[in-house]
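Reproduced below: data.cif, with mmCIF, C-alpha atoms.
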```
data_data
loop_
_atom_site.label_atom_id
_atom_site.label_comp_id
_atom_site.auth_asym_id
_atom_site.auth_seq_id
_atom_site.Cartn_x
_atom_site.Cartn_y
_atom_site.Cartn_z
CA MET A 1 121.97 121.44 111.91
CA GLY A 2 119.01 119.16 112.53
CA LEU A 3 117.11 118.28 115.68
CA LYS A 4 118.69 119.51 118.88
CA VAL A 5 119.73 117.55 121.95
CA GLY A 6 116.66 117.19 124.16
CA SER A 7 114.22 117.10 121.23
CA LYS A 8 111.85 114.19 120.75
CA ILE A 9 112.26 112.39 117.46
CA PRO A 10 109.34 112.70 115.07
CA GLU A 11 107.20 109.69 114.27
CA PHE A 12 107.97 108.27 110.86
CA SER A 13 107.60 105.14 108.74
CA LEU A 14 109.94 104.01 105.97
CA LYS A 15 110.69 100.76 104.14
CA ASP A 16 113.90 98.93 104.94
CA GLN A 17 116.17 96.99 102.60
CA HIS A 18 113.94 93.91 103.00
CA GLY A 19 110.78 95.78 101.99
CA ASP A 20 109.46 95.74 105.58
CA ILE A 21 107.97 98.87 107.17
CA PHE A 22 109.98 100.45 109.97
CA ASN A 23 107.82 102.55 112.34
CA SER A 24 109.75 104.72 114.76
CA LYS A 25 106.97 104.55 117.35
CA ASP A 26 107.44 100.77 117.55
CA TRP A 27 110.99 101.26 118.83
CA ILE A 28 110.36 103.92 121.45
CA GLY A 29 110.41 102.42 124.93
CA LYS A 30 112.40 99.39 123.79
CA GLN A 31 116.01 100.38 123.21
CA PRO A 32 118.29 103.26 122.32
CA LEU A 33 118.64 104.04 118.62
CA VAL A 34 121.57 105.28 116.59
CA ILE A 35 120.10 106.81 113.45
CA TYR A 36 122.52 108.03 110.87
CA PHE A 37 121.65 109.93 107.71
CA TYR A 38 124.08 109.58 104.84
CA PRO A 39 124.16 110.83 101.24
CA LYS A 40 124.30 107.73 99.03
CA ASP A 41 125.00 103.99 98.94
CA ASN A 42 128.21 102.81 97.29
CA THR A 43 130.08 106.11 97.46
CA PRO A 44 133.51 106.06 99.11
CA ALA A 45 132.73 108.00 102.30
CA CYS A 46 129.30 106.37 102.78
CA THR A 47 130.75 102.89 102.29
CA LYS A 48 133.52 103.70 104.78
CA GLU A 49 130.98 104.90 107.34
CA ALA A 50 128.66 101.90 106.86
CA CYS A 51 131.58 99.48 107.17
CA GLU A 52 132.76 101.22 110.35
CA PHE A 53 129.26 100.83 111.81
CA ARG A 54 129.39 97.16 110.72
CA ASP A 55 132.83 96.63 112.28
CA ARG A 56 131.70 98.18 115.59
CA TYR A 57 128.16 96.76 115.42
CA GLU A 58 128.72 94.42 118.35
CA ASP A 59 129.84 97.37 120.49
CA PHE A 60 126.49 99.03 119.75
CA THR A 61 124.43 95.90 120.44
CA ASP A 62 126.40 95.24 123.65
CA LEU A 63 125.20 98.68 124.77
CA GLY A 64 121.63 97.72 123.84
CA ALA A 65 121.37 100.03 120.81
CA ALA A 66 120.00 99.45 117.33
CA VAL A 67 121.80 101.05 114.37
CA ILE A 68 119.72 102.43 111.50
CA GLY A 69 121.01 104.09 108.34
CA ILE A 70 118.80 106.38 106.22
CA SER A 71 119.36 107.70 102.71
CA SER A 72 117.20 108.45 99.69
CA ASP A 73 118.35 105.28 97.89
CA SER A 74 115.73 102.64 97.04
CA GLU A 75 115.16 99.48 99.05
CA LYS A 76 116.70 97.50 96.19
CA THR A 77 119.86 99.62 96.21
CA HIS A 78 120.01 99.30 100.01
CA GLN A 79 119.63 95.55 99.73
CA LYS A 80 122.57 95.29 97.31
CA PHE A 81 124.67 97.68 99.43
CA ALA A 82 123.95 95.75 102.64
CA SER A 83 124.63 92.42 100.96
CA ARG A 84 127.86 93.55 99.31
CA HIS A 85 129.27 94.85 102.60
CA ASP A 86 127.64 92.39 105.06
CA LEU A 87 125.82 95.16 106.90
CA PRO A 88 123.93 93.68 109.88
CA PHE A 89 121.72 96.72 110.54
CA LEU A 90 118.67 98.26 108.88
CA LEU A 91 118.92 100.67 105.99
CA LEU A 92 115.80 102.76 105.45
CA SER A 93 114.74 104.23 102.14
CA ASP A 94 113.67 107.88 102.25
CA PRO A 95 113.19 108.60 98.52
CA ASP A 96 111.22 111.82 99.02
CA LYS A 97 113.55 112.98 101.84
CA LYS A 98 110.52 113.42 104.11
CA VAL A 99 112.25 111.98 107.17
CA ARG A 100 115.43 113.90 106.37
CA ARG A 101 113.27 117.07 106.48
CA LEU A 102 111.54 115.95 109.72
CA PHE A 103 114.98 115.67 111.33
CA ARG A 104 115.99 118.95 109.63
CA VAL A 105 119.13 117.44 108.11
CA GLU A 106 120.41 120.05 105.70
CA ASN A 107 122.45 119.57 102.56
CA SER A 108 126.20 119.86 102.78
CA LEU A 109 128.25 121.37 99.97
CA LEU A 110 125.13 122.82 98.33
CA PHE A 111 123.56 119.74 96.73
CA VAL A 112 125.03 116.81 98.65
CA PRO A 113 122.62 115.45 101.29
CA GLY A 114 124.01 116.00 104.78
CA ARG A 115 125.59 113.37 107.00
CA GLU A 116 124.27 113.45 110.58
CA THR A 117 124.18 110.90 113.35
CA TYR A 118 121.69 110.89 116.23
CA VAL A 119 121.70 108.90 119.44
CA ILE A 120 118.18 108.55 120.80
CA ASP A 121 117.32 107.17 124.22
CA THR A 122 114.54 104.70 124.95
CA ASN A 123 112.11 107.60 125.50
CA GLY A 124 112.71 108.94 122.00
CA GLU A 125 114.78 111.90 123.18
CA VAL A 126 117.83 113.02 121.22
CA LEU A 127 120.97 112.63 123.35
CA MET A 128 123.56 113.42 120.70
CA VAL A 129 123.74 115.04 117.28
CA PHE A 130 126.92 114.81 115.24
CA ASN A 131 127.15 116.58 111.89
CA ASN A 132 130.19 116.03 109.69
CA ILE A 133 130.11 115.49 105.93
CA GLY A 134 133.19 113.30 106.40
CA ALA A 135 132.66 109.80 107.70
CA ASN A 136 135.04 110.29 110.63
CA GLY A 137 133.81 110.72 114.18
CA HIS A 138 130.25 109.47 113.84
CA ILE A 139 130.84 106.02 115.34
CA ARG A 140 133.23 107.22 118.06
CA ASN A 141 130.84 109.96 119.25
CA ALA A 142 127.78 107.69 119.17
CA LEU A 143 129.53 105.00 121.22
CA LYS A 144 130.79 107.58 123.73
CA THR A 145 127.23 108.85 124.23
CA LEU A 146 125.79 105.34 124.62
CA LYS A 147 128.48 104.43 127.17
CA SER A 148 127.45 107.44 129.28
CA LEU A 149 123.85 106.18 129.63
CA PRO A 150 122.83 104.85 133.05
CA LYS A 151 122.62 101.08 133.14
#
```
Before we go any further, please render this structure as structure tokens.
Amino acid sequence: MGLKVGSKIPEFSLKDQHGDIFNSKDWIGKQPLVIYFYPKDNTPACTKEACEFRDRYEDFTDLGAAVIGISSDSEKTHQKFASRHDLPFLLLSDPDKKVRRLFRVENSLLFVPGRETYVIDTNGEVLMVFNNIGANGHIRNALKTLKSLPK
């Protein structure tokens, strides 16, 4: 399993589906983050998970959180995936899996990149880690953690 609860997230920069640079340090101190790592755009389980995040997106924003998906797919693939499924959140391209390694997200089923979701507070501290190669449970657990934050 990756980073542990109580860990600080590492600083990282990646391009999003629009070609813009996302810097993690720019988000610390502003709002909670839900960062989810997933294997690949346009696969059944990853599409299901992304669409569930989309369908519950307002629940996340009502709790003040930003949702960010990360996979090794290119920005162009992310752009098509986001457009096809009307995804309102950022998808970051990690082609060399550097950020995946920083978060210590291990492969599942030997070669398939792991699926992990993190909830990070405004101070950059990990509040929740959920690891399940299946798409189920990620959204529910992230929302439960965000709801427990002091207002």
With all atoms listed in the file counted and 12 Å as the cut-off, give the residues of segment 88-134 of chain A in contact with segment 48-65 of chain A, each with its shortest interatomic distance in Å and the pair that gives it, as a tab-separated table.
```
residue	atom	partner	partner_atom	distance
A:Pro88	CA	A:Arg54	CA	6.5
A:Phe89	CA	A:Arg54	CA	7.7
A:Leu90	CA	A:Ala50	CA	10.8
A:Leu91	CA	A:Ala50	CA	9.9
A:Arg115	CA	A:Glu49	CA	10.0
A:Glu116	CA	A:Glu49	CA	11.3
A:Thr117	CA	A:Glu49	CA	10.9
A:Tyr118	CA	A:Ala65	CA	11.8
A:Val119	CA	A:Ala65	CA	9.0
A:Ile120	CA	A:Ala65	CA	9.1
A:Asp121	CA	A:Ala65	CA	8.9
A:Thr122	CA	A:Ala65	CA	9.3
A:Asn132	CA	A:Glu49	CA	11.4
A:Ile133	CA	A:Glu49	CA	10.7
A:Gly134	CA	A:Glu49	CA	8.7
```
Item to check | Exercise: Leu92 of chain A partners within 9 Å, all atoms listed in the file, chain neighbours under 6 positions left out, as a PyMOL selection string | outcome: chain A and resi 14-17+21-22+68-75+78
Checklist entry - Using only C-alpha atoms, which of A:Glu106, A:Asp86, A:Glu125, A:Glu11 sits nearest Pro39 of chain A? => result A:Glu106
Item to check | Computed interatomic separation between atom CA of Cys46 of chain A and atom CA of Lys80 of chain A (Å) | outcome: 14.1 Å
Next on the checklist: Here's the selection I'm unsure about, the PyMOL selection byres ((chain A and resi 139-145) around 7); applied to the file above, which residues does it give, as a list in words?
Outcome noted: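 Checked against the file, the PyMOL selection byres ((chain A and resi 139-145) around 7) matches Phe53, Phe60, Val119, Met128, Gly137, His138, Leu146, Lys147, Ser148 and Leu149 of chain A.
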Around all the atoms of segment 78-95 of chain A listed in the file, with 3 Å of room on each side, what axis-aligned box do you get, giving centre and edge lengths in Å to one decimal, as JSON?
```
{"center_x": 121.2, "center_y": 100.5, "center_z": 103.9, "size_x": 22.1, "size_y": 22.2, "size_z": 19.2}
```
Checklist entry - Gly124 of chain A: which residues within 7 Å, counting only C-alpha atoms, same-chain residues fewer than 5 positions away excluded, as a PyMOL selection string? => result chain A and resi 8-9+28
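Here the question is which of A:His18, A:Lys30, A:Ser7, A:Leu127 gets nearest to Ala82 of chain A using all atoms listed in the file, and that residue is A:His18.
Of the residues under consideration (A:Pro10, A:Pro150, A:Gly114, A:Gly19), A:Gly114 shows the shortest atom-to-atom contact distance to Lys40 of chain A when counting all atoms listed in the file.
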Neighbour residues at most 10 Å from (111.6, 112.2, 109.8) (all atoms listed in the file) as a compact mmCIF listing (two decimals) with C-alpha atoms, in the coordinates of the input:
```
# COMPACT_ATOMS: atom_id res chain seq x y z
CA ILE A 9 112.26 112.39 117.46
CA PRO A 10 109.34 112.70 115.07
CA GLU A 11 107.20 109.69 114.27
CA PHE A 12 107.97 108.27 110.86
CA SER A 13 107.60 105.14 108.74
CA LEU A 14 109.94 104.01 105.97
CA SER A 24 109.75 104.72 114.76
CA ILE A 70 118.80 106.38 106.22
CA ASP A 94 113.67 107.88 102.25
CA LYS A 97 113.55 112.98 101.84
CA LYS A 98 110.52 113.42 104.11
CA VAL A 99 112.25 111.98 107.17
CA ARG A 100 115.43 113.90 106.37
CA ARG A 101 113.27 117.07 106.48
CA LEU A 102 111.54 115.95 109.72
CA PHE A 103 114.98 115.67 111.33
CA ARG A 104 115.99 118.95 109.63
CA VAL A 105 119.13 117.44 108.11
```
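Going from atom CA of Asn131 of chain A to atom CA of Gly29 of chain A covers 25.5 Å.
Comparing A:Asp20, A:Phe130, A:Ile35, A:Val5 by their smallest distance to Lys76 of chain A, the closest is A:Asp20 (using all atoms listed in the file).
Here atom CA of Leu3 of chain A stands at a distance of 18.8 Å from atom CA of Asp96 of chain A.
Comparing A:Gln79, A:Trp27, A:Ala45, A:Pro95 by their smallest distance to Ala66 of chain A, the closest is A:Trp27 (using only C-alpha atoms).
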